[in-house]
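Undergrad: run_4.cif (mmCIF, C-alpha atoms) pasted underneath:
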```cif
data_coords
loop_
_atom_site.label_atom_id
_atom_site.label_comp_id
_atom_site.auth_asym_id
_atom_site.auth_seq_id
_atom_site.Cartn_x
_atom_site.Cartn_y
_atom_site.Cartn_z
CA MET A 1 -12.98 -11.67 4.58
CA LYS A 2 -14.77 -12.74 1.40
CA GLU A 3 -14.50 -9.22 -0.02
CA ARG A 4 -10.83 -9.06 0.91
CA LYS A 5 -10.15 -12.36 -0.81
CA LYS A 6 -12.03 -11.22 -3.89
CA LEU A 7 -10.06 -7.96 -4.04
CA ALA A 8 -6.75 -9.70 -3.33
CA ASP A 9 -7.52 -12.19 -6.12
CA MET A 10 -8.38 -9.35 -8.53
CA ARG A 11 -5.04 -7.70 -7.86
CA ILE A 12 -3.03 -10.91 -7.98
CA ASN A 13 -4.73 -11.76 -11.26
CA ILE A 14 -3.66 -8.46 -12.89
CA ILE A 15 -0.09 -8.55 -11.63
CA SER A 16 0.34 -12.22 -12.53
CA ARG A 17 -0.75 -11.39 -16.09
CA LEU A 18 1.86 -8.61 -16.13
CA SER A 19 4.52 -10.96 -14.80
CA ASN A 20 3.70 -13.49 -17.51
CA ALA A 21 4.22 -10.69 -20.03
CA GLY A 22 7.69 -10.04 -18.56
CA ILE A 23 6.66 -7.14 -16.30
CA PRO A 24 7.29 -7.85 -12.62
CA THR A 25 5.66 -5.75 -9.88
CA VAL A 26 6.90 -4.90 -6.40
CA GLY A 27 5.14 -3.15 -3.53
CA VAL A 28 6.82 -0.78 -1.07
CA VAL A 29 5.20 -0.59 2.38
CA LYS A 30 5.97 2.47 4.48
CA ARG A 31 3.84 1.75 7.55
CA VAL A 32 5.17 -1.39 9.17
CA GLU A 33 4.53 -0.69 12.87
CA GLY A 34 1.34 -2.78 12.71
CA SER A 35 3.10 -5.76 11.12
CA GLY A 36 4.71 -8.66 13.00
CA LYS A 37 6.21 -10.69 10.15
CA LEU A 38 9.71 -10.56 11.64
CA CYS A 39 8.59 -11.27 15.20
CA ARG A 40 9.11 -15.02 14.92
CA ASN A 41 11.70 -17.46 16.20
CA SER A 42 12.64 -18.45 12.62
CA VAL A 43 13.72 -14.87 11.86
CA VAL A 44 15.43 -14.28 15.20
CA GLU A 45 17.46 -17.50 14.69
CA PHE A 46 18.45 -16.41 11.17
CA VAL A 47 19.56 -13.00 12.40
CA ASN A 48 21.60 -14.60 15.17
CA ASP A 49 23.97 -15.98 12.53
CA TYR A 50 24.95 -12.37 11.81
CA VAL A 51 24.48 -10.64 15.17
CA LYS A 52 25.43 -13.00 17.96
CA GLY A 53 23.11 -12.75 20.93
CA PHE A 54 20.50 -10.60 19.18
CA GLY A 55 17.32 -11.08 21.12
CA ILE A 56 13.87 -9.54 21.03
CA ASP A 57 10.68 -10.49 22.85
CA ILE A 58 8.58 -11.74 19.94
CA ASN A 59 5.39 -11.13 21.92
CA ASN A 60 6.31 -7.51 22.47
CA CYS A 61 7.58 -6.61 19.03
CA ASN A 62 6.68 -5.16 15.64
CA ASP A 63 8.65 -5.10 12.38
CA ALA A 64 9.73 -1.46 12.72
CA ALA A 65 11.02 -2.08 16.26
CA PHE A 66 12.75 -5.32 15.15
CA MET A 67 14.68 -3.57 12.36
CA TYR A 68 15.41 -0.52 14.52
CA ARG A 69 16.95 -2.75 17.24
CA LEU A 70 18.94 -4.58 14.60
CA GLY A 71 20.11 -1.31 13.03
CA GLN A 72 21.24 -0.05 16.41
CA ALA A 73 23.02 -3.32 17.17
CA MET A 74 24.90 -3.14 13.84
CA GLU A 75 25.60 0.60 14.24
CA ILE A 76 24.05 1.57 10.90
CA GLY A 77 24.93 5.19 10.18
CA ILE A 78 23.62 7.88 7.82
CA GLY A 79 24.39 6.92 4.22
CA GLU A 80 24.02 3.23 5.01
CA ALA A 81 21.16 0.77 4.94
CA LEU A 82 20.55 -2.56 6.59
CA VAL A 83 18.78 -5.04 4.32
CA LEU A 84 17.15 -8.26 5.53
CA GLY A 85 15.79 -10.72 2.96
CA PRO A 86 14.50 -12.28 0.87
CA LEU A 87 12.13 -14.00 3.30
CA ARG A 88 9.06 -16.00 2.29
CA ILE A 89 5.71 -15.79 4.08
CA SER A 90 3.15 -18.57 3.62
CA ALA A 91 -0.20 -19.48 5.10
CA VAL A 92 -0.08 -22.94 6.66
CA SER A 93 -3.77 -23.48 7.35
CA GLY A 94 -6.89 -21.95 8.78
CA ARG A 95 -8.82 -18.81 8.03
CA LEU A 96 -5.97 -17.05 6.20
CA SER A 97 -5.10 -19.87 3.81
CA ASP A 98 -8.02 -19.16 1.45
CA TYR A 99 -7.30 -15.48 1.34
CA PHE A 100 -3.52 -15.82 1.38
CA SER A 101 -3.59 -17.92 -1.75
CA GLU A 102 -0.06 -17.04 -2.90
CA ASP A 103 3.15 -16.96 -0.89
CA ARG A 104 4.90 -13.59 -0.72
CA VAL A 105 8.59 -12.75 -0.71
CA PHE A 106 9.82 -9.66 1.11
CA TRP A 107 12.82 -7.62 2.21
CA TYR A 108 13.05 -5.21 5.13
CA VAL A 109 15.21 -2.10 4.95
CA TYR A 110 16.41 0.06 7.85
CA THR A 111 18.00 3.41 7.03
CA GLY A 112 18.11 5.39 10.25
CA LEU A 113 16.47 8.31 8.42
CA GLY A 114 12.87 9.51 8.88
CA PRO A 115 10.54 6.70 9.94
CA GLY A 116 13.55 4.51 9.21
CA VAL A 117 12.05 1.18 8.10
CA PHE A 118 10.17 -0.01 5.01
CA ARG A 119 9.32 -3.31 3.35
CA ILE A 120 9.63 -4.31 -0.29
CA GLU A 121 7.49 -7.28 -1.34
CA THR A 122 6.31 -9.32 -4.26
CA ILE A 123 4.52 -12.58 -4.92
CA GLU A 124 6.71 -15.68 -4.71
CA SER A 125 5.86 -16.88 -8.23
CA ILE A 126 6.85 -13.47 -9.65
CA TYR A 127 10.14 -13.57 -7.74
CA ARG A 128 10.76 -17.10 -9.02
CA ASP A 129 10.19 -15.93 -12.62
CA HIS A 130 12.30 -12.75 -12.36
CA PRO A 131 14.80 -13.23 -9.49
CA GLU A 132 17.59 -11.16 -11.02
CA LEU A 133 15.41 -8.23 -12.09
CA ILE A 134 13.56 -8.10 -8.75
CA GLY A 135 16.88 -8.32 -6.88
CA LYS A 136 18.19 -5.37 -8.91
CA LEU A 137 14.98 -3.41 -8.39
CA VAL A 138 15.23 -3.92 -4.61
CA LEU A 139 18.79 -2.57 -4.64
CA TRP A 140 17.82 0.29 -6.96
CA LEU A 141 15.03 1.34 -4.58
CA ILE A 142 17.50 1.22 -1.69
CA SER A 143 20.07 3.25 -3.65
CA ASN A 144 17.45 5.99 -4.13
CA ILE A 145 16.57 6.60 -0.50
CA ASP A 146 15.87 10.29 0.22
CA SER A 147 16.20 12.29 3.44
CA ALA A 148 12.84 10.92 4.63
CA GLY A 149 14.38 7.44 4.56
CA MET A 150 12.16 6.23 1.69
CA PRO A 151 12.91 5.63 -2.00
CA TYR A 152 12.21 9.04 -3.58
CA VAL A 153 9.92 7.53 -6.24
CA ILE A 154 7.60 6.42 -3.44
CA ASP A 155 7.52 9.83 -1.78
CA VAL A 156 6.64 11.45 -5.10
CA ALA A 157 3.76 9.03 -5.79
CA ASP A 158 2.53 9.50 -2.22
CA TYR A 159 2.52 13.28 -2.66
CA TYR A 160 0.40 13.17 -5.83
CA ALA A 161 -2.03 10.57 -4.46
CA ARG A 162 -2.61 12.69 -1.36
CA ALA A 163 -3.04 15.75 -3.59
CA VAL A 164 -5.87 13.97 -5.45
CA THR A 165 -7.90 13.28 -2.31
CA ARG A 166 -6.96 16.61 -0.73
CA THR A 167 -8.46 18.51 -3.68
CA LEU A 168 -11.67 16.48 -3.48
CA TYR A 169 -11.83 16.70 0.29
CA LEU A 170 -11.50 20.48 0.41
CA ARG A 171 -14.17 20.88 -2.27
CA PHE A 172 -16.51 18.58 -0.39
CA TYR A 173 -15.86 20.47 2.82
CA GLN A 174 -16.75 23.79 1.18
CA LEU A 175 -19.94 22.24 -0.16
CA SER A 176 -20.81 20.90 3.27
CA LEU A 177 -20.48 24.39 4.78
CA VAL A 178 -22.91 25.79 2.22
CA ARG A 179 -25.34 22.97 3.08
CA GLY A 180 -24.99 23.66 6.81
CA LEU A 181 -23.57 20.21 7.65
CA LYS A 182 -21.85 19.77 10.99
CA PRO A 183 -18.64 17.74 10.60
CA THR A 184 -17.42 15.49 13.40
CA TYR A 185 -14.28 16.19 15.40
CA ASP A 186 -12.36 13.56 13.39
CA THR A 187 -13.40 15.29 10.18
CA LEU A 188 -12.09 18.62 11.44
CA GLN A 189 -8.79 16.91 12.33
CA GLU A 190 -8.63 15.43 8.81
CA LEU A 191 -9.35 18.88 7.36
CA SER A 192 -6.54 20.40 9.36
CA LYS A 193 -4.18 17.65 8.15
CA ALA A 194 -5.21 18.23 4.53
CA LEU A 195 -4.64 21.98 4.80
CA GLY A 196 -1.23 21.38 6.41
CA GLU A 197 -0.17 19.15 3.51
CA GLU A 198 -0.71 21.86 0.89
CA SER A 199 2.75 23.32 1.35
CA ALA A 200 4.57 19.98 1.82
CA LYS A 201 6.07 19.08 -1.55
CA PRO A 202 8.33 16.07 -1.98
CA MET B 1 4.52 0.87 20.42
CA GLU B 2 2.16 -1.44 18.51
CA HIS B 3 2.48 -5.15 19.31
CA PRO B 4 0.79 -7.12 16.55
CA GLN B 5 0.27 -10.72 17.62
CA PRO B 6 2.39 -13.10 15.52
CA ASP B 7 -0.14 -15.03 13.43
CA ASN B 8 0.40 -18.75 13.90
CA GLU B 9 -1.34 -19.46 10.61
CA LEU B 10 1.54 -17.81 8.75
CA THR B 11 5.14 -19.02 8.58
CA VAL B 12 8.17 -16.95 7.63
CA THR B 13 11.22 -18.67 6.15
CA PRO B 14 14.48 -17.13 4.91
CA LEU B 15 15.08 -18.10 1.26
CA ARG B 16 18.35 -19.81 0.30
CA ASN B 17 19.90 -16.51 -0.84
CA ALA B 18 18.65 -14.55 2.20
CA LYS B 19 21.11 -12.39 4.08
CA LEU B 20 21.39 -9.55 6.50
CA ALA B 21 23.55 -7.02 4.70
CA GLN B 22 24.99 -3.66 5.65
CA VAL B 23 25.02 -1.55 2.48
CA ARG B 24 26.84 1.73 1.77
CA LEU B 25 24.39 3.73 -0.36
CA SER B 26 27.09 5.64 -2.23
CA SER B 27 28.64 2.36 -3.39
CA LEU B 28 25.44 1.17 -5.11
CA ARG B 29 25.48 1.63 -8.88
CA ILE B 30 22.36 -0.13 -10.08
CA ASP B 31 21.13 -0.04 -13.64
CA ILE B 32 17.79 -1.80 -13.93
CA GLY B 33 17.77 -1.13 -17.65
CA ARG B 34 14.05 -0.33 -17.71
CA ASP B 35 11.81 2.53 -16.77
CA PHE B 36 9.05 2.12 -14.18
CA LEU B 37 5.56 3.31 -13.35
CA VAL B 38 4.84 4.10 -9.68
CA ILE B 39 1.32 4.01 -8.27
CA ASP B 40 -0.15 5.15 -4.98
CA GLY B 41 -3.62 5.54 -3.52
CA SER B 42 -4.95 7.78 -0.78
CA SER B 43 -8.13 7.98 1.32
CA ARG B 44 -9.82 10.43 3.67
CA GLY B 45 -13.01 10.29 5.72
CA PHE B 46 -15.67 12.99 6.03
CA GLY B 47 -18.30 12.38 8.70
CA THR B 48 -21.27 14.06 10.35
CA HIS B 49 -23.44 12.52 13.07
CA ASN B 50 -25.48 10.62 10.47
CA PHE B 51 -23.18 9.68 7.58
CA LYS B 52 -19.57 8.99 6.71
CA LEU B 53 -18.15 9.50 3.24
CA PHE B 54 -14.81 7.94 2.35
CA ILE B 55 -13.03 9.75 -0.46
CA THR B 56 -10.29 7.80 -2.24
CA GLY B 57 -8.05 8.54 -5.18
CA ALA B 58 -4.98 7.26 -6.99
CA ALA B 59 -2.02 8.72 -8.89
CA ALA B 60 0.66 7.24 -11.12
CA TYR B 61 3.75 8.66 -12.74
CA GLY B 62 6.78 7.48 -14.67
CA ALA B 63 7.32 5.33 -17.78
CA GLY B 64 7.26 8.46 -19.96
CA ASN B 65 3.85 9.59 -18.70
CA PRO B 66 2.84 12.82 -16.99
CA VAL B 67 1.11 12.38 -13.61
CA ILE B 68 -2.07 10.39 -14.17
CA THR B 69 -4.90 10.71 -11.66
CA TYR B 70 -8.24 9.20 -10.86
CA PRO B 71 -10.54 10.90 -10.22
CA GLU B 72 -9.73 13.77 -12.58
CA THR B 73 -7.78 16.72 -11.15
CA THR B 74 -6.46 20.03 -12.46
CA PHE B 75 -2.86 18.78 -12.28
CA GLY B 76 -3.06 15.26 -13.69
CA LYS B 77 -3.91 13.51 -16.91
CA PRO B 78 -7.32 11.86 -16.37
CA ILE B 79 -8.05 8.20 -16.90
CA HIS B 80 -11.35 6.37 -16.78
CA VAL B 81 -11.56 3.75 -14.03
CA ASN B 82 -14.58 1.55 -13.70
CA TRP B 83 -14.84 1.93 -9.92
CA GLY B 84 -16.53 4.56 -7.73
CA PHE B 85 -13.94 6.62 -5.88
CA ALA B 86 -16.09 7.26 -2.80
CA GLY B 87 -17.79 4.93 -0.31
CA LEU B 88 -20.79 6.00 1.73
CA LYS B 89 -21.98 4.67 5.06
CA ALA B 90 -25.37 6.23 5.76
CA PRO B 91 -28.98 5.30 6.64
CA MET B 92 -30.48 2.76 4.26
CA ASN B 93 -32.89 5.20 2.58
CA VAL B 94 -29.94 7.47 1.67
CA LEU B 95 -27.91 4.56 0.28
CA ARG B 96 -30.87 3.41 -1.82
CA ALA B 97 -31.40 6.95 -3.15
CA VAL B 98 -27.71 7.21 -4.15
CA GLU B 99 -27.85 3.80 -5.78
CA GLU B 100 -30.90 4.77 -7.83
CA ASN B 101 -29.29 8.01 -8.99
CA LYS B 102 -27.60 7.25 -12.33
CA VAL B 103 -24.93 9.95 -11.97
CA LEU B 104 -24.04 9.53 -8.29
CA SER B 105 -23.93 5.76 -8.44
CA ASP B 106 -21.04 5.92 -10.94
CA TYR B 107 -18.87 7.65 -8.33
CA ILE B 108 -20.21 6.62 -4.94
CA ARG B 109 -20.20 2.99 -3.81
CA VAL B 110 -22.86 2.02 -1.31
CA ARG B 111 -22.44 -1.78 -1.26
CA SER B 112 -19.58 -4.19 -0.65
CA LEU B 113 -18.41 -6.56 -3.38
CA GLU B 114 -20.58 -9.23 -1.75
CA GLY B 115 -23.61 -6.98 -2.13
CA ASP B 116 -24.09 -5.81 1.48
CA TYR B 117 -25.05 -2.18 1.94
CA PHE B 118 -22.18 -0.44 3.72
CA ILE B 119 -24.45 0.41 6.68
CA GLU B 120 -24.68 -3.31 7.49
CA TYR B 121 -21.17 -4.24 6.31
CA ASP B 122 -18.86 -5.62 8.99
CA GLY B 123 -15.64 -4.97 7.02
CA VAL B 124 -13.72 -1.72 6.76
CA VAL B 125 -15.47 0.33 4.07
CA VAL B 126 -12.51 2.55 3.27
CA ASP B 127 -10.19 -0.47 2.81
CA GLU B 128 -12.54 -2.06 0.33
CA VAL B 129 -13.13 1.11 -1.69
CA ARG B 130 -9.44 2.05 -1.76
CA MET B 131 -8.05 -1.42 -2.48
CA GLY B 132 -10.57 -1.88 -5.29
CA LEU B 133 -9.82 1.55 -6.72
CA GLU B 134 -6.05 0.95 -6.74
CA THR B 135 -6.52 -2.42 -8.42
CA MET B 136 -8.91 -1.11 -11.08
CA PHE B 137 -6.61 1.89 -11.60
CA ILE B 138 -3.75 -0.51 -12.40
CA ASP B 139 -6.08 -2.42 -14.73
CA SER B 140 -6.99 0.81 -16.58
CA LEU B 141 -3.34 1.86 -16.90
CA VAL B 142 -2.51 -1.51 -18.42
CA SER B 143 -5.58 -1.50 -20.73
CA ASN B 144 -4.68 1.99 -21.92
CA LYS B 145 -1.13 0.79 -22.67
CA LEU B 146 0.38 3.39 -20.32
CA LEU B 147 2.64 0.86 -18.59
CA GLY B 148 4.26 -0.41 -21.78
CA ASN B 149 7.08 -2.81 -21.05
CA ASN B 150 8.13 -0.97 -17.90
CA LEU B 151 8.28 -2.17 -14.31
CA LEU B 152 5.45 -1.52 -11.87
CA ILE B 153 6.06 -0.24 -8.35
CA ILE B 154 3.08 -0.03 -6.01
CA ASP B 155 3.23 2.19 -2.97
CA GLY B 156 1.64 0.23 -0.16
CA PRO B 157 1.06 -3.42 0.59
CA TYR B 158 1.13 -5.65 -2.41
CA THR B 159 -2.26 -6.92 -1.38
CA TRP B 160 -3.53 -6.91 2.20
CA GLN B 161 -1.51 -8.23 5.16
#
```
Transcribe the structure of this file into structure tokens.

TA:
Amino acid sequence: MKERKKLADMRINIISRLSNAGIPTVGVVKRVEGSGKLCRNSVVEFVNDYVKGFGIDINNCNDAAFMYRLGQAMEIGIGEALVLGPLRISAVSGRLSDYFSEDRVFWYVYTGLGPGVFRIETIESIYRDHPELIGKLVLWLISNIDSAGMPYVIDVADYYARAVTRTLYLRFYQLSLVRGLKPTYDTLQELSKALGEESAKP
Amino acid sequence: MEHPQPDNELTVTPLRNAKLAQVRLSSLRIDIGRDFLVIDGSSRGFGTHNFKLFITGAAAYGAGNPVITYPETTFGKPIHVNWGFAGLKAPMNVLRAVEENKVLSDYIRVRSLEGDYFIEYDGVVVDEVRMGLETMFIDSLVSNKLLGNNLLIIDGPYTWQ
């Protein structure tokens, strides 16, 4: 936890400096199945103002499932998006309060394409300083959703980042063969994934 | 389906301007008036029965730059980042040997930020190496004036959680 706090502080420090210089930052999160930020009574109650009778078992829920259910209930079609936010997340007390030193503000987007759900987030103080620009950026990201259901700029960055580690990984694998190393089953699976990605361009 | 337990130490509140909106994508005409730089990181694990090496990397593009990568690749413009791009979990004698090697120790991390060797570290090695690399990558882009006055978009969680 100490390391995580240190790393989170390092990042918050850099992006706060950027924000102070007039440069806001947002994060786009593609994997939200492991997150339960929406699975709370406060969010279900808010949503009920728009979709009467919307219910979800908050103990048997994740953010992707929450938005998917909502998207289905509102009959979101191709070429449309369902946007929920901005919502604020804060640590009230306990073990997370040290680490979670700054409140975050986030939006969830359901598109019905590809994995279908992603989150856009920033730090509350940055949102407070640049509400209009961040609001526009959120809409701009949504307006640039590609056929995978993600903003295309994110898919492009993801492709190049994976290409960096793929190149290194394949070189290391070749070296390991020369040295007679015996990779684990998981490593062979990772190798197969890396080789499969070579032809997948954004 | 994953069922993450709602964390009672965190509260979620809709802001005053919060809404649930159905948006037609073709009707959105958004001009943000500024360019942007997009950043993403990636990680992969290579293991044998006696060691595991986590290989991480990062790429950025936009704001008038070609693709920028760390570590250096054949397709990207290189940038120096003061952070090893690999993390190694291996027997202590191996970790010490890597640490004492002046060349390897620039690229391979063997200890956590708190100073624990990764073999006795109870955190997730790959998370620490990757999160640190992405953060230091952003720092280098800013120091090298590659961001300019443009917006920054990070692919992935803003920080953890």

Undergrad: Separation of atom CA of Pro14 of chain B and atom CA of Lys37 of chain A, in Å?

TA: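 We find that atom CA of Pro14 of chain B and atom CA of Lys37 of chain A lie 11.7 Å from each other.
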
Undergrad: Could you name the residues that touch segment 71-74 of chain B at 9 Å or less, counting only C-alpha atoms, but leaving out those on the same chain fewer than 6 positions away, as a PyMOL selection string?

TA: (chain A and resi 163-165+167-168) or (chain B and resi 56-59+80-81+85)

Undergrad: Could you list as a compact mmCIF listing (two decimals) with C-alpha atoms, in the coordinates of the input every residue that has an atom within 10 Å of (12.7, -15.5, -5.9), using the file's coordinates and counting all atoms listed in the file?

TA:
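part.txt, written as the output of this step:
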```txt
# COMPACT_ATOMS: atom_id res chain seq x y z
CA PRO A 86 14.50 -12.28 0.87
CA LEU A 87 12.13 -14.00 3.30
CA ARG A 88 9.06 -16.00 2.29
CA ARG A 104 4.90 -13.59 -0.72
CA VAL A 105 8.59 -12.75 -0.71
CA PHE A 106 9.82 -9.66 1.11
CA THR A 122 6.31 -9.32 -4.26
CA ILE A 123 4.52 -12.58 -4.92
CA GLU A 124 6.71 -15.68 -4.71
CA SER A 125 5.86 -16.88 -8.23
CA ILE A 126 6.85 -13.47 -9.65
CA TYR A 127 10.14 -13.57 -7.74
CA ARG A 128 10.76 -17.10 -9.02
CA ASP A 129 10.19 -15.93 -12.62
CA HIS A 130 12.30 -12.75 -12.36
CA PRO A 131 14.80 -13.23 -9.49
CA GLU A 132 17.59 -11.16 -11.02
CA LEU A 133 15.41 -8.23 -12.09
CA ILE A 134 13.56 -8.10 -8.75
CA GLY A 135 16.88 -8.32 -6.88
CA LEU B 15 15.08 -18.10 1.26
CA ARG B 16 18.35 -19.81 0.30
CA ASN B 17 19.90 -16.51 -0.84
```

Undergrad: How many Å lie between atom CA of Leu141 of chain B and atom CA of Phe36 of chain B, rounded to one decimal?

TA: 12.7 Å

Undergrad: Using all atoms listed in the file, tabulate the residues of segment 16-62 of chain A lying at most 12 Å from any atom of segment 143-159 of chain B, each with its closest atom pair and that distance in Å to one decimal, by chain and increasing residue number, as JSON lines.

TA:
```
{"residue": "A:Ser16", "atom": "CA", "partner": "B:Leu152", "partner_atom": "CA", "distance": 11.9}
{"residue": "A:Arg17", "atom": "CA", "partner": "B:Ser143", "partner_atom": "CA", "distance": 11.9}
{"residue": "A:Leu18", "atom": "CA", "partner": "B:Leu152", "partner_atom": "CA", "distance": 9.0}
{"residue": "A:Ser19", "atom": "CA", "partner": "B:Leu151", "partner_atom": "CA", "distance": 9.6}
{"residue": "A:Asn20", "atom": "CA", "partner": "B:Asn149", "partner_atom": "CA", "distance": 11.7}
{"residue": "A:Ala21", "atom": "CA", "partner": "B:Asn149", "partner_atom": "CA", "distance": 8.4}
{"residue": "A:Gly22", "atom": "CA", "partner": "B:Asn149", "partner_atom": "CA", "distance": 7.7}
{"residue": "A:Ile23", "atom": "CA", "partner": "B:Leu151", "partner_atom": "CA", "distance": 5.6}
{"residue": "A:Pro24", "atom": "CA", "partner": "B:Leu151", "partner_atom": "CA", "distance": 6.0}
{"residue": "A:Thr25", "atom": "CA", "partner": "B:Leu152", "partner_atom": "CA", "distance": 4.7}
{"residue": "A:Val26", "atom": "CA", "partner": "B:Ile153", "partner_atom": "CA", "distance": 5.1}
{"residue": "A:Gly27", "atom": "CA", "partner": "B:Ile154", "partner_atom": "CA", "distance": 4.5}
{"residue": "A:Val28", "atom": "CA", "partner": "B:Asp155", "partner_atom": "CA", "distance": 5.0}
{"residue": "A:Val29", "atom": "CA", "partner": "B:Gly156", "partner_atom": "CA", "distance": 4.4}
{"residue": "A:Lys30", "atom": "CA", "partner": "B:Gly156", "partner_atom": "CA", "distance": 6.7}
{"residue": "A:Arg31", "atom": "CA", "partner": "B:Gly156", "partner_atom": "CA", "distance": 8.2}
{"residue": "A:Val32", "atom": "CA", "partner": "B:Pro157", "partner_atom": "CA", "distance": 9.7}
{"residue": "A:Ser35", "atom": "CA", "partner": "B:Pro157", "partner_atom": "CA", "distance": 11.0}
```

Undergrad: How big is the axis-aligned box, and where does its centre sit, when it encloses all atoms of segment 51-63 of chain B listed in the file and has 5 Å added on every side, reported in Å to one decimal as JSON?

TA:
```
{"center_x": -7.9, "center_y": 7.5, "center_z": -5.1, "size_x": 40.5, "size_y": 14.4, "size_z": 35.4}
```

Undergrad: Write out as JSON, numbers by chain which residues come within 12 Å of segment 97-104 of chain B when counting only C-alpha atoms, dropping same-chain ones fewer than 2 positions away.

TA: {"B": [84, 85, 86, 87, 88, 89, 90, 91, 92, 93, 94, 95, 106, 107, 108, 109, 110, 111, 117, 118]}
